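The next block is final.cif, given as mmCIF, C-alpha atoms and all ligand atoms.
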data_work
#
loop_
_atom_site.label_atom_id
_atom_site.label_comp_id
_atom_site.auth_asym_id
_atom_site.auth_seq_id
_atom_site.Cartn_x
_atom_site.Cartn_y
_atom_site.Cartn_z
CA MET A 21 126.14 99.06 94.26
CA LEU A 22 123.53 101.42 92.81
CA GLU A 23 122.41 104.69 94.26
CA LEU A 24 119.78 107.07 92.93
CA ASN A 25 119.79 110.49 94.50
CA HIS A 26 116.75 112.70 93.87
CA VAL A 27 116.49 111.51 90.30
CA THR A 28 113.94 113.21 88.07
CA LYS A 29 113.30 112.68 84.38
CA LYS A 30 111.17 114.96 82.28
CA TYR A 31 110.08 114.40 78.70
CA LYS A 32 109.36 118.01 77.74
CA ASP A 33 106.64 119.06 80.20
CA PHE A 34 105.83 115.55 81.34
CA THR A 35 107.60 114.23 84.42
CA ALA A 36 108.04 110.46 84.03
CA VAL A 37 110.25 110.01 87.12
CA LYS A 38 109.82 112.28 90.12
CA ASP A 39 112.55 112.81 92.68
CA ILE A 40 113.39 109.18 93.33
CA SER A 41 116.11 108.23 95.80
CA LEU A 42 117.01 104.65 96.49
CA ASN A 43 119.93 102.39 97.16
CA VAL A 44 120.61 98.84 96.01
CA LYS A 45 123.27 96.95 97.93
CA SER A 46 125.84 94.65 96.45
CA GLY A 47 124.59 91.07 96.12
CA GLU A 48 120.97 92.05 96.53
CA ARG A 49 117.96 91.01 94.46
CA PHE A 50 115.97 94.19 94.25
CA GLY A 51 112.51 94.53 92.72
CA LEU A 52 111.19 97.57 90.92
CA LEU A 53 107.46 97.20 90.82
CA GLY A 54 104.87 99.42 89.22
CA PRO A 55 101.96 99.40 86.79
CA ASN A 56 102.13 100.36 83.11
CA GLY A 57 103.57 103.80 82.61
CA ALA A 58 104.91 104.04 86.18
CA GLY A 59 108.35 105.04 84.93
CA LYS A 60 110.22 101.74 85.30
CA SER A 61 111.75 101.67 81.83
CA THR A 62 112.68 105.32 82.13
CA MET A 63 114.59 104.46 85.29
CA VAL A 64 116.30 101.53 83.59
CA SER A 65 117.26 103.78 80.66
CA MET A 66 118.85 106.25 83.05
CA ILE A 67 120.73 103.49 84.89
CA SER A 68 121.99 102.17 81.56
CA THR A 69 123.06 105.73 80.58
CA VAL A 70 120.78 105.73 77.53
CA LEU A 71 118.95 108.67 79.11
CA ARG A 72 120.35 111.38 81.32
CA PRO A 73 118.38 112.42 84.39
CA THR A 74 116.89 115.92 84.19
CA ALA A 75 117.92 116.34 87.81
CA GLY A 76 119.64 114.23 90.44
CA THR A 77 122.54 111.81 90.30
CA ILE A 78 123.03 108.09 89.83
CA THR A 79 126.10 106.22 91.00
CA VAL A 80 127.07 102.64 90.23
CA ASP A 81 129.77 101.08 92.38
CA HIS A 82 130.27 104.54 93.95
CA LYS A 83 131.05 106.12 90.57
CA PRO A 84 128.74 108.76 89.11
CA LEU A 85 127.22 107.78 85.76
CA SER A 86 127.73 111.32 84.55
CA GLY A 87 131.47 110.78 84.86
CA LYS A 88 132.97 107.78 83.11
CA PRO A 89 130.17 105.57 81.85
CA ARG A 90 132.60 103.42 79.82
CA GLU A 91 134.28 102.03 82.90
CA ILE A 92 130.95 101.51 84.65
CA LYS A 93 129.28 99.96 81.62
CA LYS A 94 131.76 97.09 81.93
CA ILE A 95 130.20 95.93 85.15
CA MET A 96 126.57 96.31 84.07
CA GLY A 97 124.34 94.01 82.08
CA ILE A 98 121.11 95.58 80.89
CA VAL A 99 118.21 93.52 79.56
CA PRO A 100 115.91 95.99 77.81
CA GLN A 101 112.14 95.59 77.74
CA ASP A 102 112.12 95.50 73.95
CA LEU A 103 114.14 92.78 72.31
CA ALA A 104 117.45 94.04 70.97
CA LEU A 105 118.53 91.12 68.80
CA TYR A 106 119.42 90.41 65.20
CA GLN A 107 116.57 88.21 64.03
CA ALA A 108 118.42 86.80 61.02
CA LEU A 109 121.47 85.80 63.03
CA SER A 110 121.70 82.59 65.03
CA THR A 111 121.55 82.47 68.82
CA LYS A 112 125.29 81.89 68.98
CA ASP A 113 126.11 84.70 66.52
CA ASN A 114 123.93 87.13 68.47
CA LEU A 115 125.74 86.29 71.69
CA GLU A 116 129.12 86.57 70.00
CA PHE A 117 128.16 89.92 68.54
CA PHE A 118 127.23 91.31 71.97
CA GLY A 119 130.34 89.73 73.47
CA SER A 120 132.49 91.52 70.92
CA LEU A 121 130.85 94.82 71.86
CA TYR A 122 132.15 94.19 75.36
CA GLY A 123 135.63 93.66 73.99
CA LEU A 124 135.72 89.87 74.06
CA TYR A 125 137.40 88.08 71.17
CA GLY A 126 139.05 84.82 70.15
CA SER A 127 138.92 81.85 72.49
CA ARG A 128 137.63 83.94 75.39
CA LEU A 129 134.63 85.00 73.29
CA LYS A 130 133.99 81.39 72.21
CA SER A 131 134.16 80.00 75.73
CA ARG A 132 132.00 82.75 77.19
CA THR A 133 129.41 82.14 74.46
CA GLU A 134 129.32 78.46 75.45
CA GLU A 135 128.91 79.35 79.13
CA VAL A 136 126.07 81.74 78.38
CA LEU A 137 124.31 79.27 76.04
CA ASP A 138 124.40 76.88 78.97
CA ILE A 139 123.09 79.46 81.47
CA ILE A 140 120.14 80.39 79.24
CA GLY A 141 119.49 76.72 78.41
CA LEU A 142 119.67 77.12 74.64
CA LYS A 143 122.69 75.01 73.71
CA GLU A 144 120.75 72.92 71.27
CA ARG A 145 119.36 76.06 69.60
CA ARG A 146 122.77 77.63 69.09
CA ASN A 147 122.64 77.53 65.29
CA GLN A 148 119.01 78.48 64.83
CA ALA A 149 118.10 81.99 63.65
CA VAL A 150 116.55 84.07 66.43
CA SER A 151 113.52 84.70 64.17
CA GLU A 152 112.74 80.98 64.44
CA LEU A 153 112.74 80.87 68.25
CA SER A 154 109.69 81.13 70.49
CA GLY A 155 108.99 84.40 72.28
CA GLY A 156 110.29 82.99 75.54
CA MET A 157 113.49 81.74 73.95
CA LYS A 158 114.08 85.15 72.37
CA ARG A 159 113.79 86.67 75.82
CA ARG A 160 116.39 84.23 77.07
CA VAL A 161 118.76 85.21 74.27
CA ASN A 162 118.13 88.86 75.19
CA ILE A 163 119.20 88.03 78.74
CA GLY A 164 122.17 86.05 77.43
CA ALA A 165 123.39 89.11 75.52
CA ALA A 166 123.53 91.07 78.78
CA LEU A 167 125.37 88.22 80.50
CA MET A 168 128.23 87.99 77.97
CA ASN A 169 130.09 90.56 80.00
CA ASP A 170 129.68 88.59 83.26
CA PRO A 171 128.24 91.73 84.87
CA LYS A 172 128.32 92.53 88.58
CA LEU A 173 124.99 94.31 88.22
CA LEU A 174 122.21 92.84 86.09
CA VAL A 175 119.17 95.01 85.35
CA LEU A 176 116.17 93.26 83.79
CA ASP A 177 113.24 95.26 82.45
CA GLU A 178 110.10 93.09 82.49
CA PRO A 179 111.83 90.01 81.09
CA THR A 180 108.84 87.69 81.35
CA VAL A 181 106.00 89.67 79.81
CA GLY A 182 103.91 87.63 77.41
CA ILE A 183 105.93 84.43 77.42
CA ASP A 184 105.21 80.78 78.09
CA PRO A 185 105.31 79.46 81.68
CA GLN A 186 108.30 77.24 80.97
CA SER A 187 110.51 80.10 79.80
CA ARG A 188 109.22 82.25 82.61
CA HIS A 189 110.20 79.63 85.14
CA HIS A 190 113.59 79.21 83.50
CA ILE A 191 114.25 82.96 83.60
CA LEU A 192 113.28 83.32 87.26
CA GLU A 193 115.42 80.35 88.28
CA THR A 194 118.37 81.55 86.19
CA VAL A 195 118.27 85.00 87.75
CA LYS A 196 118.06 83.52 91.22
CA LYS A 197 120.97 81.20 90.54
CA LEU A 198 123.16 83.96 89.09
CA ASN A 199 122.59 85.91 92.25
CA GLN A 200 123.13 83.00 94.63
CA ASP A 201 126.08 81.34 92.93
CA ARG A 202 127.95 84.39 91.65
CA GLY A 203 126.74 87.13 93.94
CA MET A 204 125.42 89.08 90.99
CA THR A 205 123.40 92.09 92.07
CA VAL A 206 120.01 91.99 90.39
CA ILE A 207 117.46 94.69 89.70
CA TYR A 208 114.27 93.09 88.50
CA THR A 209 111.57 95.24 86.99
CA SER A 210 108.09 93.86 86.73
CA HIS A 211 104.43 94.50 87.14
CA TYR A 212 103.92 90.89 88.18
CA MET A 213 103.56 90.93 91.95
CA GLU A 214 104.20 87.25 92.40
CA GLU A 215 107.53 87.40 90.54
CA VAL A 216 108.90 90.19 92.67
CA GLU A 217 107.52 88.52 95.75
CA TYR A 218 109.25 85.27 94.82
CA LEU A 219 112.54 86.73 93.66
CA CYS A 220 113.30 89.89 95.59
CA LYS A 221 114.11 90.56 99.23
CA ARG A 222 113.67 94.32 98.89
CA LEU A 223 111.59 96.32 96.53
CA ALA A 224 110.52 99.76 95.46
CA ILE A 225 106.98 100.40 94.37
CA ILE A 226 106.56 103.26 91.93
CA ASP A 227 103.41 104.79 90.58
CA HIS A 228 103.08 107.79 88.28
CA GLY A 229 106.83 108.33 88.49
CA SER A 230 106.94 108.60 92.27
CA LEU A 231 108.37 106.24 94.82
CA ILE A 232 105.46 105.22 97.01
CA ALA A 233 107.10 102.48 99.05
CA LEU A 234 110.60 101.18 99.63
CA GLY A 235 111.88 98.35 101.79
CA SER A 236 111.53 94.65 102.38
CA LYS A 237 108.08 93.17 102.13
CA GLU A 238 108.06 92.89 105.93
CA GLU A 239 109.07 96.54 106.34
CA LEU A 240 106.38 97.64 103.94
CA LYS A 241 103.85 95.67 105.94
CA LEU A 242 104.90 97.34 109.17
CA ASN A 243 104.12 100.75 107.71
CA LEU A 244 100.57 99.75 107.11
CA LYS A 245 98.07 99.51 109.91
CA ALA A 246 96.68 96.13 109.08
CA CYS A 247 97.96 93.80 106.49
CA ASP A 248 96.52 90.36 106.90
CA THR A 249 92.98 89.12 106.84
CA LEU A 250 91.35 86.76 109.28
CA THR A 251 87.91 85.46 108.48
CA VAL A 252 85.95 83.33 110.91
CA ASP A 253 82.62 81.54 110.94
CA TYR A 254 80.73 81.29 114.19
CA SER A 255 77.64 79.54 115.49
CA GLU A 256 77.01 81.48 118.69
CA GLY A 257 77.89 84.97 119.89
CA ASN A 258 75.84 87.83 121.26
CA GLU A 259 75.84 91.36 119.92
CA ALA A 260 77.78 92.79 122.85
CA ALA A 261 80.58 90.30 122.20
CA LEU A 262 80.60 91.00 118.47
CA GLY A 263 80.81 94.72 119.24
CA GLN A 264 84.01 94.17 121.19
CA LEU A 265 85.98 92.52 118.39
CA GLU A 266 87.78 95.72 117.44
CA GLN A 267 89.02 96.06 121.00
CA ILE A 268 91.11 92.92 120.63
CA SER A 269 94.75 93.80 120.34
CA GLY A 270 95.85 93.21 116.75
CA VAL A 271 92.39 93.61 115.21
CA THR A 272 91.98 96.85 113.28
CA LYS A 273 88.64 96.32 111.68
CA ALA A 274 85.90 93.76 112.06
CA THR A 275 82.90 93.35 109.81
CA VAL A 276 80.12 90.98 110.80
CA GLU A 277 77.89 89.56 108.10
CA GLY A 278 75.47 86.86 109.21
CA LYS A 279 77.53 84.10 110.79
CA HIS A 280 80.70 85.32 109.16
CA ILE A 281 83.25 87.85 110.47
CA SER A 282 86.01 89.45 108.35
CA MET A 283 88.84 91.13 110.20
CA LEU A 284 91.87 93.13 109.19
CA VAL A 285 94.63 92.13 111.55
CA SER A 286 98.22 93.06 112.12
CA THR A 287 100.07 90.19 113.69
CA GLY A 288 103.29 92.05 114.39
CA GLU A 289 103.40 91.42 118.13
CA ARG A 290 100.74 88.71 118.41
CA SER A 291 100.08 85.42 116.73
CA VAL A 292 96.85 84.62 114.91
CA ILE A 293 96.19 81.97 117.54
CA ASP A 294 96.27 84.66 120.29
CA ILE A 295 93.68 86.62 118.37
CA VAL A 296 91.51 83.56 117.81
CA ASP A 297 91.72 82.78 121.57
CA ASP A 298 90.59 86.32 122.40
CA ILE A 299 87.62 85.98 120.07
CA ARG A 300 86.61 82.73 121.77
CA ASN A 301 87.08 84.30 125.21
CA LEU A 302 84.42 86.84 124.26
CA GLY A 303 82.01 83.91 124.21
CA ILE A 304 81.93 83.63 120.44
CA ARG A 305 81.81 80.01 119.37
CA LEU A 306 83.91 79.50 116.26
CA THR A 307 83.26 76.85 113.65
CA GLY A 308 86.15 77.68 111.35
CA PHE A 309 88.74 80.28 110.47
CA LYS A 310 90.91 81.30 107.56
CA TYR A 311 94.00 83.45 107.79
CA GLU A 312 95.61 85.08 104.76
CA GLU A 313 98.96 86.78 104.90
CA MET A 314 99.15 89.95 102.89
CA ASN A 315 100.83 89.58 99.55
CA LEU A 316 102.31 92.29 97.39
CA GLU A 317 99.13 92.56 95.41
CA SER A 318 97.07 93.55 98.44
CA LEU A 319 99.96 95.72 99.63
CA PHE A 320 99.84 97.70 96.41
CA LEU A 321 96.08 97.92 96.69
CA GLN A 322 96.32 99.31 100.22
CA ILE A 323 98.98 101.87 99.35
CA THR A 324 97.60 103.15 96.09
CA GLY A 325 93.96 102.14 96.23
CA LYS A 326 94.42 100.59 92.80
CA ALA A 327 95.00 97.06 91.58
CA LEU A 328 98.21 96.43 89.72
CA ARG A 329 96.63 94.81 86.74
CA GLU A 330 93.14 94.40 85.55
CA GLU A 331 92.70 90.71 85.08
N1 LIG A 401 110.27 109.28 74.90
C1 LIG A 401 109.21 109.63 75.60
N2 LIG A 401 108.61 110.82 75.39
C2 LIG A 401 107.52 111.18 76.12
N3 LIG A 401 106.96 110.44 77.09
C3 LIG A 401 107.54 109.26 77.34
C4 LIG A 401 108.68 108.78 76.62
N4 LIG A 401 109.01 107.57 77.09
C5 LIG A 401 108.12 107.29 78.07
N5 LIG A 401 107.23 108.30 78.22
C6 LIG A 401 106.14 108.35 79.21
O1 LIG A 401 106.70 108.25 80.51
C7 LIG A 401 105.87 107.46 81.36
C8 LIG A 401 106.69 106.33 81.93
O2 LIG A 401 107.03 105.43 80.89
P1 LIG A 401 107.91 104.14 81.13
O3 LIG A 401 108.10 103.48 79.81
O4 LIG A 401 109.11 104.51 81.90
O5 LIG A 401 106.91 103.28 82.05
P2 LIG A 401 107.01 101.76 82.51
O6 LIG A 401 106.83 101.76 83.99
O7 LIG A 401 108.21 101.13 81.96
O8 LIG A 401 105.71 101.12 81.86
P3 LIG A 401 105.46 99.65 81.22
O9 LIG A 401 105.14 98.74 82.36
O10 LIG A 401 104.27 99.85 80.34
O11 LIG A 401 106.69 99.26 80.47
C9 LIG A 401 104.69 107.01 80.49
O12 LIG A 401 103.60 107.85 80.75
C10 LIG A 401 105.21 107.17 79.08
O13 LIG A 401 104.14 107.47 78.19
MG MG A 402 108.56 99.62 80.74
#
Show the structure stored in the file as structure tokens.
Ligand SMILES: Nc1ncnc2c1ncn2[C@@H]1O[C@H](COP(=O)(O)OP(=O)(O)OP(=O)(O)O)[C@@H](O)[C@H]1O
Ligand SMILES: [Mg+2]
Amino acid sequence: MLELNHVTKKYKDFTAVKDISLNVKSGERFGLLGPNGAGKSTMVSMISTVLRPTAGTITVDHKPLSGKPREIKKIMGIVPQDLALYQALSTKDNLEFFGSLYGLYGSRLKSRTEEVLDIIGLKERRNQAVSELSGGMKRRVNIGAALMNDPKLLVLDEPTVGIDPQSRHHILETVKKLNQDRGMTVIYTSHYMEEVEYLCKRLAIIDHGSLIALGSKEELKLNLKACDTLTVDYSEGNEAALGQLEQISGVTKATVEGKHISMLVSTGERSVIDIVDDIRNLGIRLTGFKYEEMNLESLFLQITGKALREE
């Protein structure tokens, strides 16, 4: 559905996007994850043809964006990071305005507006000026504008930043439903790990304009030596036994502190229970254990050495 081939974007001397190649398949929910200034919005602007790449090519539905953007624009819905709405106009009038930009008119425009009001859950706010809506509701109208066209490809640039949990939940569920029910391809840009983790099967992690990881969460995990953490408490165990922990298959690193052992483990070929059995077979008497699967947050930390957000 979308293909980026060695795409680079420079703003004068500054390179905001560096040689990025990736591919999003039809019907996929794809996450674009990166911290502030990573280059996410620049990528979205290039996909939406607002910006031209300095080098490289982008194709949507096998058609190069440099060719006939008009035809391609018809199948894309872009939700920009900054709100692009008329504050003085009502929710309904905003949607109708964007619908008319896509060439809808008359009864088709009216019925599509009703459908979209329903999708974004703002039917009862149809006649209220956008300026009077909450931040989260404005975001939903912003998404609605991109949906007027019933796009095959929906690109959302950080649609949930700074909004209330209820609207956030509504947006995530709506995006998921659009993908599941209508097969809409979704590109979801965020710096919220948990959102991408919840919503997307595959993801790209970008940092300082470069692609640093690409694949499913499971694939990304496989590329790292150890991903999960296993911490155990023990009551008995001699030093020789404790020294052998790192020899257990699946254990990459073991740190003993008092009666507490932290281990980095990769459970690709073995289960946690196998590892726990091996520890006990060394003569270490366990009193408890905790296993934590790696999440995207710790994945990012391992790859870049930096946390995604400072919170
Ligand atoms: N018009 C511009 N001229 C010069 N530099 C720019 C311009 N637009 C963006 N940049 C720079 O390019 C880099 C990437 O910006 P971009 O907005 O794409 O990041 P982002 O990943 O969307 O960040 P955020 O999460 O804060 O939205 C930043 O360092 C930014 O300052
Ligand atoms: Mg941005």
Please identify every polymer residue within 6 Å of ligand LIG 401 (chain A), using all atoms listed in the file, and present the set as number ranges by chain.
A: 31, 36, 55-62
Using only C-alpha atoms and all ligand atoms, I'd like a table of the residues in chain A that come within 12 Å of ligand MG 402 (chain A); for each, show the closest atom pair and its distance in Å rounded to one decimal, ordered by chain and ascending number, as a Markdown table.
| residue | atom | partner | partner_atom | distance |
| --- | --- | --- | --- | --- |
| A:Ala36 | CA | A:MG402 | MG | 11.3 |
| A:Leu52 | CA | A:MG402 | MG | 10.7 |
| A:Leu53 | CA | A:MG402 | MG | 10.4 |
| A:Gly54 | CA | A:MG402 | MG | 9.3 |
| A:Pro55 | CA | A:MG402 | MG | 9.0 |
| A:Asn56 | CA | A:MG402 | MG | 6.9 |
| A:Gly57 | CA | A:MG402 | MG | 6.8 |
| A:Ala58 | CA | A:MG402 | MG | 7.9 |
| A:Gly59 | CA | A:MG402 | MG | 6.9 |
| A:Lys60 | CA | A:MG402 | MG | 5.3 |
| A:Ser61 | CA | A:MG402 | MG | 3.9 |
| A:Thr62 | CA | A:MG402 | MG | 7.2 |
| A:Met63 | CA | A:MG402 | MG | 9.0 |
| A:Val64 | CA | A:MG402 | MG | 8.5 |
| A:Ser65 | CA | A:MG402 | MG | 9.6 |
| A:Val99 | CA | A:MG402 | MG | 11.5 |
| A:Pro100 | CA | A:MG402 | MG | 8.7 |
| A:Gln101 | CA | A:MG402 | MG | 6.2 |
| A:Asp102 | CA | A:MG402 | MG | 8.7 |
| A:Leu176 | CA | A:MG402 | MG | 10.4 |
| A:Asp177 | CA | A:MG402 | MG | 6.6 |
| A:Glu178 | CA | A:MG402 | MG | 6.9 |
| A:Pro179 | CA | A:MG402 | MG | 10.2 |
| A:Thr180 | CA | A:MG402 | MG | 11.9 |
| A:Val181 | CA | A:MG402 | MG | 10.3 |
| A:Tyr208 | CA | A:MG402 | MG | 11.6 |
| A:Thr209 | CA | A:MG402 | MG | 8.2 |
| A:Ser210 | CA | A:MG402 | MG | 8.3 |
| A:His211 | CA | A:MG402 | MG | 9.2 |
| A:Ile226 | CA | A:MG402 | MG | 11.9 |
| A:Gly229 | CA | A:MG402 | MG | 11.8 |
Just write the chosen residues, C-alpha atoms, as a CSV table (one decimal), in the frame of the given file.
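Ended up saving to selection.csv:
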chain,number,residue,atom,x,y,z
A,36,ALA,CA,108.0,110.5,84.0
A,52,LEU,CA,111.2,97.6,90.9
A,53,LEU,CA,107.5,97.2,90.8
A,54,GLY,CA,104.9,99.4,89.2
A,55,PRO,CA,102.0,99.4,86.8
A,56,ASN,CA,102.1,100.4,83.1
A,57,GLY,CA,103.6,103.8,82.6
A,58,ALA,CA,104.9,104.0,86.2
A,59,GLY,CA,108.4,105.0,84.9
A,60,LYS,CA,110.2,101.7,85.3
A,61,SER,CA,111.8,101.7,81.8
A,62,THR,CA,112.7,105.3,82.1
A,63,MET,CA,114.6,104.5,85.3
A,64,VAL,CA,116.3,101.5,83.6
A,65,SER,CA,117.3,103.8,80.7
A,99,VAL,CA,118.2,93.5,79.6
A,100,PRO,CA,115.9,96.0,77.8
A,101,GLN,CA,112.1,95.6,77.7
A,102,ASP,CA,112.1,95.5,74.0
A,176,LEU,CA,116.2,93.3,83.8
A,177,ASP,CA,113.2,95.3,82.4
A,178,GLU,CA,110.1,93.1,82.5
A,179,PRO,CA,111.8,90.0,81.1
A,180,THR,CA,108.8,87.7,81.4
A,181,VAL,CA,106.0,89.7,79.8
A,208,TYR,CA,114.3,93.1,88.5
A,209,THR,CA,111.6,95.2,87.0
A,210,SER,CA,108.1,93.9,86.7
A,211,HIS,CA,104.4,94.5,87.1
A,226,ILE,CA,106.6,103.3,91.9
A,229,GLY,CA,106.8,108.3,88.5
Interatomic distance (Å, one decimal) between CA of Val292 (chain A) and CA of Glu217 (chain A):
22.3 Å
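Proximity to Ala104 (chain A) was assessed for A:Val271, A:His228, A:Val161, A:Arg72 counting only C-alpha atoms; the smallest distance is recorded for A:Val161.
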Nearest residue to Ala233 (chain A) from the set A:Gly126, A:Gly51, A:Gly288, A:Gly182 (distances using all atoms listed in the file):
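Closest residue, counting all atoms listed in the file: A:Gly51.
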Residue among A:Ala165, A:Ile140, A:Ile232, A:Leu173 lying closest to Glu193 (chain A), counting only C-alpha atoms
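Nearest to Glu193 (chain A): A:Ile140.
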